[in-house]
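Notes follow the structure.
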4 protein chains.
Amino acid sequence: MQSQYFNRRGFHDKMRKTHEKREREAGLAIDKKKIAIIGNNKLSTSYAFAMMNQQLHVEMCLVTDKKAQVLKDIGYSAYFRPKTMLTSGGFTECRNAAVIVFTHDPFAEAENMQQASSVVRKFVNQWMETGFQGICVVATPQSEVVAHWVMKFSGLAAEKIIALGTMLDTSFLQWELGRHFQVNAKNVHAYMIGSTLEKGVPAWSRAYIGGRPILSYIMEEPERYSFDKWQPIVTQMKELPSEPLAENRLFDYSISLALVELTRIILEDERMILTVGVYVQNQFGMAAGFISIPAVIGAAGVKTTVPLTLSDSEQKQLAIVVKALEEAVLAGLPNEGGTKRGV
Amino acid sequence: MQSQYFNRRGFHDKMRKTHEKREREAGLAIDKKKIAIIGNNKLSTSYAFAMMNQQLHVEMCLVTDKKAQVLKDIGYSAYFRPKTMLTSGGFTECRNAAVIVFTHDPFAEAENMQQASSVVRKFVNQWMETGFQGICVVATPQSEVVAHWVMKFSGLAAEKIIALGTMLDTSFLQWELGRHFQVNAKNVHAYMIGSTLEKGVPAWSRAYIGGRPILSYIMEEPERYSFDKWQPIVTQMKELPSEPLAENRLFDYSISLALVELTRIILEDERMILTVGVYVQNQFGMAAGFISIPAVIGAAGVKTTVPLTLSDSEQKQLAIVVKALEEAVLAGLPNEGGTKRGV
Amino acid sequence: MQSQYFNRRGFHDKMRKTHEKREREAGLAIDKKKIAIIGNNKLSTSYAFAMMNQQLHVEMCLVTDKKAQVLKDIGYSAYFRPKTMLTSGGFTECRNAAVIVFTHDPFAEAENMQQASSVVRKFVNQWMETGFQGICVVATPQSEVVAHWVMKFSGLAAEKIIALGTMLDTSFLQWELGRHFQVNAKNVHAYMIGSTLEKGVPAWSRAYIGGRPILSYIMEEPERYSFDKWQPIVTQMKELPSEPLAENRLFDYSISLALVELTRIILEDERMILTVGVYVQNQFGMAAGFISIPAVIGAAGVKTTVPLTLSDSEQKQLAIVVKALEEAVLAGLPNEGGTKRGV
Amino acid sequence: MQSQYFNRRGFHDKMRKTHEKREREAGLAIDKKKIAIIGNNKLSTSYAFAMMNQQLHVEMCLVTDKKAQVLKDIGYSAYFRPKTMLTSGGFTECRNAAVIVFTHDPFAEAENMQQASSVVRKFVNQWMETGFQGICVVATPQSEVVAHWVMKFSGLAAEKIIALGTMLDTSFLQWELGRHFQVNAKNVHAYMIGSTLEKGVPAWSRAYIGGRPILSYIMEEPERYSFDKWQPIVTQMKELPSEPLAENRLFDYSISLALVELTRIILEDERMILTVGVYVQNQFGMAAGFISIPAVIGAAGVKTTVPLTLSDSEQKQLAIVVKALEEAVLAGLPNEGGTKRGV
């Protein structure tokens with residue numbers, strides 16, 4: 001029902017006019033405050049709702065034609081949280097977006113990896129033909145794999161594509177270690193790397209509390225601190241659905257908060273180190289592909305990676321992840337020698 | 001699965017111990033930062049999620065035994081938004097809560113008003129026998145009616161019970177008028193009063209932009225400003241589901257933000273004027289009962305009401321609402337002469 | 001010492017380059033996030049410090065060549081509050097500022113109004129010749145008078161000039177009445193109008209608590225509420241230094257917070273109603289000049305005024321203020337028939 | 001003039017009554033939200049102003065009898081920033097404070113260390129005889145030395161005394177390294193340890209960007225990264241007034257923000273690692289005394305220290321600091337063998 005959009009559209013007439021004027025003057029200039037959200041699911045609405053709550057000064061455009069009621073509902077919310085602007089529209093809205101957040105699960109209805117990659121290709125084509133030149137954040141199951149496909153299909157520079165990857169796993173590891181050491185999680189510098197596709201790898205050899213290696217704690221007080229004691233933390237993380245975004249979308253709330261953090265860091269050019277899925281070449285045991293490792297994220301996407309000297313054991317675990325990622329990517333790219341593989 | 005609660009419970013061991021110590025010392029002292037949320041539905045989780053996002057310094061306790069997965073999900077969110085503490089437990093958690101937010105829809109499975117009031121009575125009994133002495137916020141369909149029942153069944157002082165009432169309708173009216181007058185909604189002082197049960201009544205005769213009556217705008221520029229032009233706004237509001245909380249819970253997002261605002265105002269004793277459902281005697285045409293009118297809300301609940309001199313036409317519209325509210329309340333209280341009435 | 005600027009300049013190399021590029025492309029486009037602060041005094045540093053604390057997403061440029069140490073000090077603060085960027089420079093920095101905040105007291109060393117207006121003219125010339133086309137906020141003693149001079153000397157459109165005026169007096173009146181009525185000051189809609197030059201005029205006839213006129217409170221409970229009881233509030237305000245910005249700059253803290261509020265409302269186009277000094281013609285008893293009245297403030301400056309129907313008594317008081325303002329303005333503009341007048 | 005306090009006192013009548021009631025019931029219970037600020041200087045007002053701006057939910061009590069005008073000024077600010085409550089009073093206000101922030105410079109008018117320590121003793125006696133049992137934050141020149149004296153004179157447990165120490169130096173080092181590595185300062189884990197009394201010691205051997213040692217950056221890209229290149233940063237810090245709090249109080253703004261951070265971490269029990277002056281025994285080369293090192297700070301004060309394995313060179317530099325600190329402390333405690341020493 002068209003009238004349902006009435007009030008939201010009304011709010012933004014003025015800003016739209018400003019946009020249009022600017023575009024006329026400057027071609028398809030990127031609107032540094034505009035996020036296009038692709039995917040008609042609970043994650044995208046949770047994310048939009050979290051953004052409104054946190055009052056980021058952005059325009060979020062839901063690219064969909066089905067969410068009238070949710071839009072109206074969140075639209076009423078503007079009275080209480082007026083700074084974030086919520087709009088909706090077709091793929092054309094991607095043309096000047098600074099960031100696309102891609103949340104559509106391509107595996108949901110696909111029978112194999114090729115079908116899944118076709119779904120991704122279809123979405124990518126729709127947004128790329130608008131002239132989109134911003135950053136693409138991939139928040140789907142197997143996000144590193146999907147990010148790889150997005151790179152292939154879009155032709156966007158690798159540093160403009162960021163998979164959510166193990167960002168949430170790292171935050172959980174830091175939170176649990178913070179509890180264990182009775183210190184604020186912000187002072188725990190420990191990373192889950194690899195992928196959510198396979199078992200993530202906790203990089204213990206590069207983990208610190210403040211400036212002190214966790215290994216020092218273990219060496220000096222072995223009764224009090226030990227990997228054995230932390231095994232339940234890691235096990236618990238491995239018990240997380242290996243695809244946290246799938247299966248009843250149980251983790252939409254926490255994932256949407258990670259997404260708010262990630263997109264805020266991009267839009268405000270915060271240059272923070274996050275463990276997200278980024279494209280590497282000859283790093284962390286991967287010849288060329290997306291893998292979750294610490295990287296500096298800012299307005300230009302992936303600014304640089306942070307190389308870590310891992311232990312032999314960690315390298316071995318990571319090699320398993322690398323192999324699984326490579327196979328999954330290829331399974332969706334038959335022209336490049338991939339074979340069918342079930343999701 | 002018990003282990004699913006593991007980490008959240010862990011977080012709060014310390015705080016629990018502090019609480020227990022304090023209680024031993026001081027009896028069942030109210031924890032001024034504790035909110036107990038009753039109701040296992042999307043509204044209660046949206047509300048909890050919005051509280052986390054806005055980082056209110058409170059403990060929210062979900063009184064339920066079914067939400068393990070949502071709790072775990074929101075629990076992971078604590079890394080990104082650590083100030084708000086989320087816990088869960090049985091009704092015993094109400095004993096020292098400062099505020100109960102009652103979101104369970106008693107009409108959902110009831111066949112008539114008596115069954116609905118029985119559902120309310122059952123919940124009230126469970127929380128009252130813990131010794132609860134705080135404020136009760138009612139966020140259900142027909143919230144003024146349910147608030148009345150809660151008062152009857154709980155024996156709590158009337159000023160401790162607040163129905164969400166037309167709070168959202170007022171915010172929508174102010175937002176739309178703000179758009180119309182091209183002024184911030186915070187400078188629009190206009191109220192929807194009455195109830196969401198029947199058509200709400202916009203109190204035009206008491207509406208102002210800044211210090212200027214809306215009636216003055218109409219008198220001086222009748223071509224530009226008129227009630228006719230605003231009719232679509234009011235009509236649109238009337239098209240809101242007459243029970244905004246029911247029917248697929250479409251408005252959970254905006255309602256949860258209104259709830260955040262209301263509970264924040266209570267906990268921080270802000271003494272703000274809100275149009276919420278409060279108990280009045282011989283005011284606004286009501287002998288004795290709950291109706292949505294402007295009231296000053298603070299830590300003690302309803303501090304006072306703000307009497308408005310309404311026009312004849314507004315009084316007539318309000319009389320219809322009063323009658324409907326009185327009948328609905330009585331229909332659930334047969335001992336007091338009520339008759340059965342379908343929901 | 002040049003090296004003292006080293007680190008701050010360093011921070012902002014990148015942003016400067018972006019600016020310069022943008023300017024090359026777009027001529028002297030206004031930087032919507034840039035505030036130039038003119039005036040080397042405690043108010044300007046308190047204002048800059050308050051902006052950093054509140055983390056507004058702006059660049060504040062102190063136009064001065066003397067504040068090296070304060071800049072360095074506030075510069076170190078960026079670690080704790082990184083969002084607000086503080087820079088310094090010459091008048092050339094005004095060229096693309098969205099807002100100039102003029103805090104230099106022209107009366108401080110002037111012997112008469114003509115000397116004071118000459119000081120203002122000198123500053124105005126310096127910033128206007130850069131091509132400045134933004135909004136000018138006047139935060140000096142006799143701010144309405146200085147605003148008038150700024151309009152004359154700059155040739156800027158009247159709606160682009162805003163005097164701080166009685167904004168602080170209004171906030172104080174609302175705060176005190178809020179205490180009296182035991183309601184949040186945000187729900188008190190009462191204005192001090194006129195000027196800080198003469199006694200401000202409380203517009204009692206247009207004052208409301210929520211939607212209820214204050215006159216209704218007085219009529220219905222004359223023992224409890226009366227103008228006599230509020231006289232101390234108004235008297236206390238009149239005891240404020242008639243020039244709150246002068247005399248040991250006692251009120252720099254509260255004035256700087258009012259300035260933060262005012263500039264935030266401009267930059268974020270909030271369209272809030274404030275009692276600030278704006279240019280009116282044939283309104284509030286003034287033929288043509290600046291006077292403090294309720295006006296809607298947004299990104300374009302003064303969007304519109306809010307006409308108030310005042311009582312006879314209020315009109316009489318206001319007439320005295322109008323006369324004083326007109327005389328003070330003319331005293332600094334001898335070519336237009338003004339005579340010398342002591343400050 | 002007594003009436004100047006009128007309005008502030010008025011605001012808080014209610015809260016005072018609540019306090020008094022609670023105290024009657026519970027003895028001299030600590031008010032977990034109350035900070036007593038001792039010292040009549042620009043730092044204490046900058047700190048109070050910063051707290052209001054950041055809207056921490058606390059009561060700040062300025063213990064002084066001279067600041068009427070500043071209090072009134074900041075009092076008016078409450079309209080714009082209402083959450084932080086500012087009061088004033090005598091030393092008796094310390095009785096139930098959670099935190100005392102001691103900002104009075106004991107060296108300002110002292111001719112030698114004994115006179116300085118006498119000034120400290122006088123203040124300590126005044127607040128201790130009220131029954132104060134909270135945390136004492138020392139924000140004076142030579143803060144580690146003064147903290148030691150406070151411990152001696154007060155008899156408070158060592159973990160309840162925290163000197164501001166090198167907290168600001170660390171933040172500056174992290175900020176500058178963040179610029180150098182083009183990464184957010186929050187991801188730079190590098191500490192200035194020792195004292196502001198002597199040259200602070202940058203603990204390079206324990207410095208990391210994310211999880212990567214700074215030494216690794218230097219080893220792998222020696223042309224790009226080297227201590228030589230960072231020498232200017234450290235030199236610049238050494239050029240900071242060796243007593244940043246003295247000499248015209250140039251750094252009051254940044255110090256007041258560090259104080260806000262420190263007191264917030266205490267009040268909200270954030271358990272953050274900060275380099276502040278804490279009491280150690282047989283750590284970092286010090287037999288027993290206060291020195292600035294990384295420590296976990298929370299509601300109970302110093303929760304624990306974070307031992308760092310330093311390089312030989314760093315240990316040597318630290319030994320010089322330790323010696324200077326020990327001598328300075330003793331110089332003010334003649335009964336324990338100290339000798340007179342000029343400030």
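Letters for chains follow the order of the structure tokens (A, B, ...), residue numbers begin at 1 for each chain, and ligand numbers begin at 1 in the order shown.
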For range 272-279 of chain A, list every protein, DNA or RNA residue within 6 Å, evaluated using only C-alpha atoms, and leave out those in the same chain fewer than 2 positions away; present the list as a ChimeraX atom specification. /A:144,162-167,270,289-297 /D:184
Any chance you could export the current selection's all heavy atoms as a compact mmCIF listing (two decimals), in the first residue's frame?
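Once written, out.txt looks like this:
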```txt
# COMPACT_ATOMS: atom_id res chain seq x y z
N GLU A 144 33.61 -15.34 4.20
CA GLU A 144 34.85 -15.20 3.43
C GLU A 144 34.67 -15.77 2.02
O GLU A 144 35.20 -15.20 1.04
CB GLU A 144 36.02 -15.93 4.13
CG GLU A 144 36.37 -15.38 5.51
CD GLU A 144 35.70 -16.16 6.63
OE1 GLU A 144 34.80 -16.99 6.31
OE2 GLU A 144 36.04 -15.96 7.80
N ILE A 162 34.93 -6.57 2.53
CA ILE A 162 35.23 -7.01 3.90
C ILE A 162 34.17 -8.02 4.32
O ILE A 162 32.97 -7.71 4.30
CB ILE A 162 35.21 -5.82 4.88
CG1 ILE A 162 36.22 -4.75 4.44
CG2 ILE A 162 35.51 -6.29 6.31
CD1 ILE A 162 36.05 -3.42 5.18
N ALA A 163 34.61 -9.23 4.71
CA ALA A 163 33.68 -10.22 5.24
C ALA A 163 33.63 -10.09 6.76
O ALA A 163 34.64 -9.80 7.40
CB ALA A 163 34.14 -11.61 4.84
N LEU A 164 32.45 -10.29 7.33
CA LEU A 164 32.31 -10.18 8.79
C LEU A 164 33.24 -11.18 9.48
O LEU A 164 33.83 -10.90 10.52
CB LEU A 164 30.86 -10.41 9.20
CG LEU A 164 30.50 -10.00 10.62
CD1 LEU A 164 30.78 -8.53 10.85
CD2 LEU A 164 29.05 -10.30 10.90
N GLY A 165 33.38 -12.38 8.87
CA GLY A 165 34.35 -13.37 9.32
C GLY A 165 34.26 -13.69 10.79
O GLY A 165 33.18 -13.93 11.32
N THR A 166 35.42 -13.69 11.46
CA THR A 166 35.46 -14.10 12.87
C THR A 166 35.39 -12.91 13.82
O THR A 166 35.79 -13.03 14.98
CB THR A 166 36.74 -14.90 13.15
OG1 THR A 166 37.87 -14.08 12.82
CG2 THR A 166 36.81 -16.19 12.36
N MET A 167 34.87 -11.80 13.35
CA MET A 167 34.81 -10.61 14.21
C MET A 167 34.06 -10.91 15.50
O MET A 167 34.49 -10.51 16.59
CB MET A 167 34.13 -9.45 13.46
CG MET A 167 34.09 -8.16 14.27
SD MET A 167 33.45 -6.77 13.26
CE MET A 167 33.19 -5.56 14.59
N GLU A 270 37.94 5.05 11.29
CA GLU A 270 38.56 4.91 12.62
C GLU A 270 39.87 4.13 12.60
O GLU A 270 40.58 4.10 13.60
CB GLU A 270 37.58 4.25 13.59
CG GLU A 270 36.44 5.16 13.97
CD GLU A 270 36.11 5.05 15.45
OE1 GLU A 270 36.57 4.09 16.10
OE2 GLU A 270 35.40 5.93 15.95
N GLY A 289 43.38 -15.27 -1.34
CA GLY A 289 41.97 -15.48 -1.00
C GLY A 289 41.57 -14.74 0.26
O GLY A 289 42.40 -14.04 0.86
N PHE A 290 40.31 -14.87 0.61
CA PHE A 290 39.79 -14.21 1.81
C PHE A 290 39.95 -15.11 3.02
O PHE A 290 39.62 -16.29 2.98
CB PHE A 290 38.31 -13.86 1.63
CG PHE A 290 38.09 -12.61 0.82
CD1 PHE A 290 38.18 -12.65 -0.56
CD2 PHE A 290 37.84 -11.39 1.43
CE1 PHE A 290 37.99 -11.50 -1.33
CE2 PHE A 290 37.65 -10.24 0.68
CZ PHE A 290 37.73 -10.29 -0.70
N ILE A 291 40.42 -14.52 4.11
CA ILE A 291 40.55 -15.24 5.37
C ILE A 291 40.43 -14.22 6.50
O ILE A 291 40.77 -13.05 6.32
CB ILE A 291 41.89 -16.01 5.42
CG1 ILE A 291 41.94 -16.92 6.66
CG2 ILE A 291 43.08 -15.07 5.40
CD1 ILE A 291 43.08 -17.93 6.62
N SER A 292 39.95 -14.65 7.64
CA SER A 292 39.78 -13.74 8.77
C SER A 292 41.09 -13.60 9.54
O SER A 292 41.58 -14.56 10.15
CB SER A 292 38.68 -14.24 9.72
OG SER A 292 37.41 -14.09 9.13
N ILE A 293 41.67 -12.41 9.49
CA ILE A 293 42.90 -12.11 10.20
C ILE A 293 42.82 -10.67 10.68
O ILE A 293 41.94 -9.93 10.27
CB ILE A 293 44.12 -12.27 9.26
CG1 ILE A 293 43.90 -11.40 8.01
CG2 ILE A 293 44.37 -13.71 8.89
CD1 ILE A 293 45.15 -10.88 7.41
N PRO A 294 43.73 -10.23 11.56
CA PRO A 294 43.67 -8.83 12.00
C PRO A 294 44.02 -7.89 10.86
O PRO A 294 45.05 -8.06 10.21
CB PRO A 294 44.73 -8.75 13.11
CG PRO A 294 45.10 -10.16 13.43
CD PRO A 294 44.80 -10.99 12.24
N ALA A 295 43.16 -6.90 10.64
CA ALA A 295 43.39 -5.93 9.58
C ALA A 295 42.95 -4.56 10.08
O ALA A 295 42.06 -4.46 10.91
CB ALA A 295 42.61 -6.33 8.32
N VAL A 296 43.60 -3.54 9.53
CA VAL A 296 43.23 -2.17 9.88
C VAL A 296 42.13 -1.72 8.93
O VAL A 296 42.33 -1.69 7.72
CB VAL A 296 44.44 -1.23 9.80
CG1 VAL A 296 44.04 0.20 10.16
CG2 VAL A 296 45.58 -1.72 10.68
N ILE A 297 40.98 -1.36 9.50
CA ILE A 297 39.80 -1.01 8.69
C ILE A 297 39.52 0.49 8.81
O ILE A 297 39.53 1.04 9.90
CB ILE A 297 38.56 -1.80 9.17
CG1 ILE A 297 38.85 -3.31 9.15
CG2 ILE A 297 37.35 -1.46 8.30
CD1 ILE A 297 39.19 -3.88 7.80
N ASN D 184 44.35 3.36 14.80
CA ASN D 184 43.68 3.99 15.93
C ASN D 184 44.49 3.85 17.22
O ASN D 184 45.02 2.76 17.51
CB ASN D 184 42.30 3.34 16.11
CG ASN D 184 41.38 4.18 16.97
OD1 ASN D 184 41.70 4.43 18.12
ND2 ASN D 184 40.27 4.61 16.41
```
Excluding same-chain residues fewer than 4 positions from Ala324 in chain D, what lies within 12 Å of it counting only C-alpha atoms, as a list in words?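 Residues meeting the cut-off are Gln142, Glu144, Val145, Gly194, Ser195, Thr196, Leu197, Glu198, Lys199, Gly200, Met286, Gly289, Phe290, Ile291, Gln317, Leu318, Ala319, Ile320, Ala328, Val329, Leu330, Ala331 and Arg341 of chain D.
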Do a neighbour search on Val101 in chain A at 9 Å with only C-alpha atoms, toss out local chain neighbours closer than 3 positions, and write the hits as number ranges by chain. A: 35-39, 44, 135-139, 259, 263
Go ahead and save the picked residues with N, CA and C atoms, as a PDB file, in the first residue's frame.
```pdb
ATOM      1  N   ILE A  35      24.294   4.115   3.604  1.00  0.00           N
ATOM      2  CA  ILE A  35      24.491   2.674   3.648  1.00  0.00           C
ATOM      3  C   ILE A  35      23.317   2.011   2.952  1.00  0.00           C
ATOM      4  N   ALA A  36      23.600   1.143   1.997  1.00  0.00           N
ATOM      5  CA  ALA A  36      22.540   0.364   1.364  1.00  0.00           C
ATOM      6  C   ALA A  36      22.557  -1.038   1.971  1.00  0.00           C
ATOM      7  N   ILE A  37      21.419  -1.472   2.479  1.00  0.00           N
ATOM      8  CA  ILE A  37      21.324  -2.789   3.117  1.00  0.00           C
ATOM      9  C   ILE A  37      20.587  -3.724   2.182  1.00  0.00           C
ATOM     10  N   ILE A  38      21.247  -4.804   1.792  1.00  0.00           N
ATOM     11  CA  ILE A  38      20.646  -5.757   0.862  1.00  0.00           C
ATOM     12  C   ILE A  38      20.337  -7.046   1.596  1.00  0.00           C
ATOM     13  N   GLY A  39      19.092  -7.477   1.489  1.00  0.00           N
ATOM     14  CA  GLY A  39      18.680  -8.699   2.159  1.00  0.00           C
ATOM     15  C   GLY A  39      17.430  -8.451   2.969  1.00  0.00           C
ATOM     16  N   SER A  44      18.889  -7.846   8.726  1.00  0.00           N
ATOM     17  CA  SER A  44      18.922  -6.488   8.180  1.00  0.00           C
ATOM     18  C   SER A  44      18.052  -5.552   9.008  1.00  0.00           C
ATOM     19  N   ILE A 135      32.324   0.578  -0.475  1.00  0.00           N
ATOM     20  CA  ILE A 135      32.826  -0.592   0.250  1.00  0.00           C
ATOM     21  C   ILE A 135      31.707  -1.611   0.355  1.00  0.00           C
ATOM     22  N   CYS A 136      32.031  -2.898   0.195  1.00  0.00           N
ATOM     23  CA  CYS A 136      31.023  -3.949   0.350  1.00  0.00           C
ATOM     24  C   CYS A 136      31.320  -4.797   1.589  1.00  0.00           C
ATOM     25  N   VAL A 137      30.385  -4.805   2.526  1.00  0.00           N
ATOM     26  CA  VAL A 137      30.513  -5.634   3.739  1.00  0.00           C
ATOM     27  C   VAL A 137      29.656  -6.875   3.559  1.00  0.00           C
ATOM     28  N   VAL A 138      30.274  -8.046   3.703  1.00  0.00           N
ATOM     29  CA  VAL A 138      29.561  -9.309   3.502  1.00  0.00           C
ATOM     30  C   VAL A 138      29.219  -9.918   4.854  1.00  0.00           C
ATOM     31  N   ALA A 139      27.914  -9.989   5.146  1.00  0.00           N
ATOM     32  CA  ALA A 139      27.464 -10.564   6.418  1.00  0.00           C
ATOM     33  C   ALA A 139      26.519 -11.712   6.143  1.00  0.00           C
ATOM     34  N   LEU A 259      28.049  -5.634  13.226  1.00  0.00           N
ATOM     35  CA  LEU A 259      27.911  -4.896  11.959  1.00  0.00           C
ATOM     36  C   LEU A 259      27.866  -3.384  12.195  1.00  0.00           C
ATOM     37  N   THR A 263      30.602  -1.018  10.448  1.00  0.00           N
ATOM     38  CA  THR A 263      30.235   0.059   9.518  1.00  0.00           C
ATOM     39  C   THR A 263      30.559   1.431  10.110  1.00  0.00           C
TER      40      THR A 263
END
```
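When CA of Glu314 in chain A is paired with CA of Leu310 in chain D, their separation reads 26.8 Å.
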Based on only C-alpha atoms, which of the residues in chain C come within 8 Å of chain B? I want them as a PyMOL selection string. chain C and resi 182-184+186-187+189-190+206-208+210-212+270-273+294+296+306-308
From a backbone DSSP assignment, name each residue in range 56-288 of chain A labelled strand (DSSP E or B), as a PyMOL selection string. chain A and resi 59-63+85-89+97-102+112+135-138+161-163+188-189+192-194+201-202+208-209+212-213+272-283+286-288
Go through C:Phe91, C:Trp175, C:Phe181, C:Phe284 and flag the residue nearest Trp127 in chain C, using only C-alpha atoms for the distances.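 When distances to Trp127 in chain C are compared using only C-alpha atoms, the smallest one comes from C:Phe91.
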In Å, with one decimal, what is the gap from CA of Tyr253 in chain B to CA of Thr140 in chain A? 23.5 Å
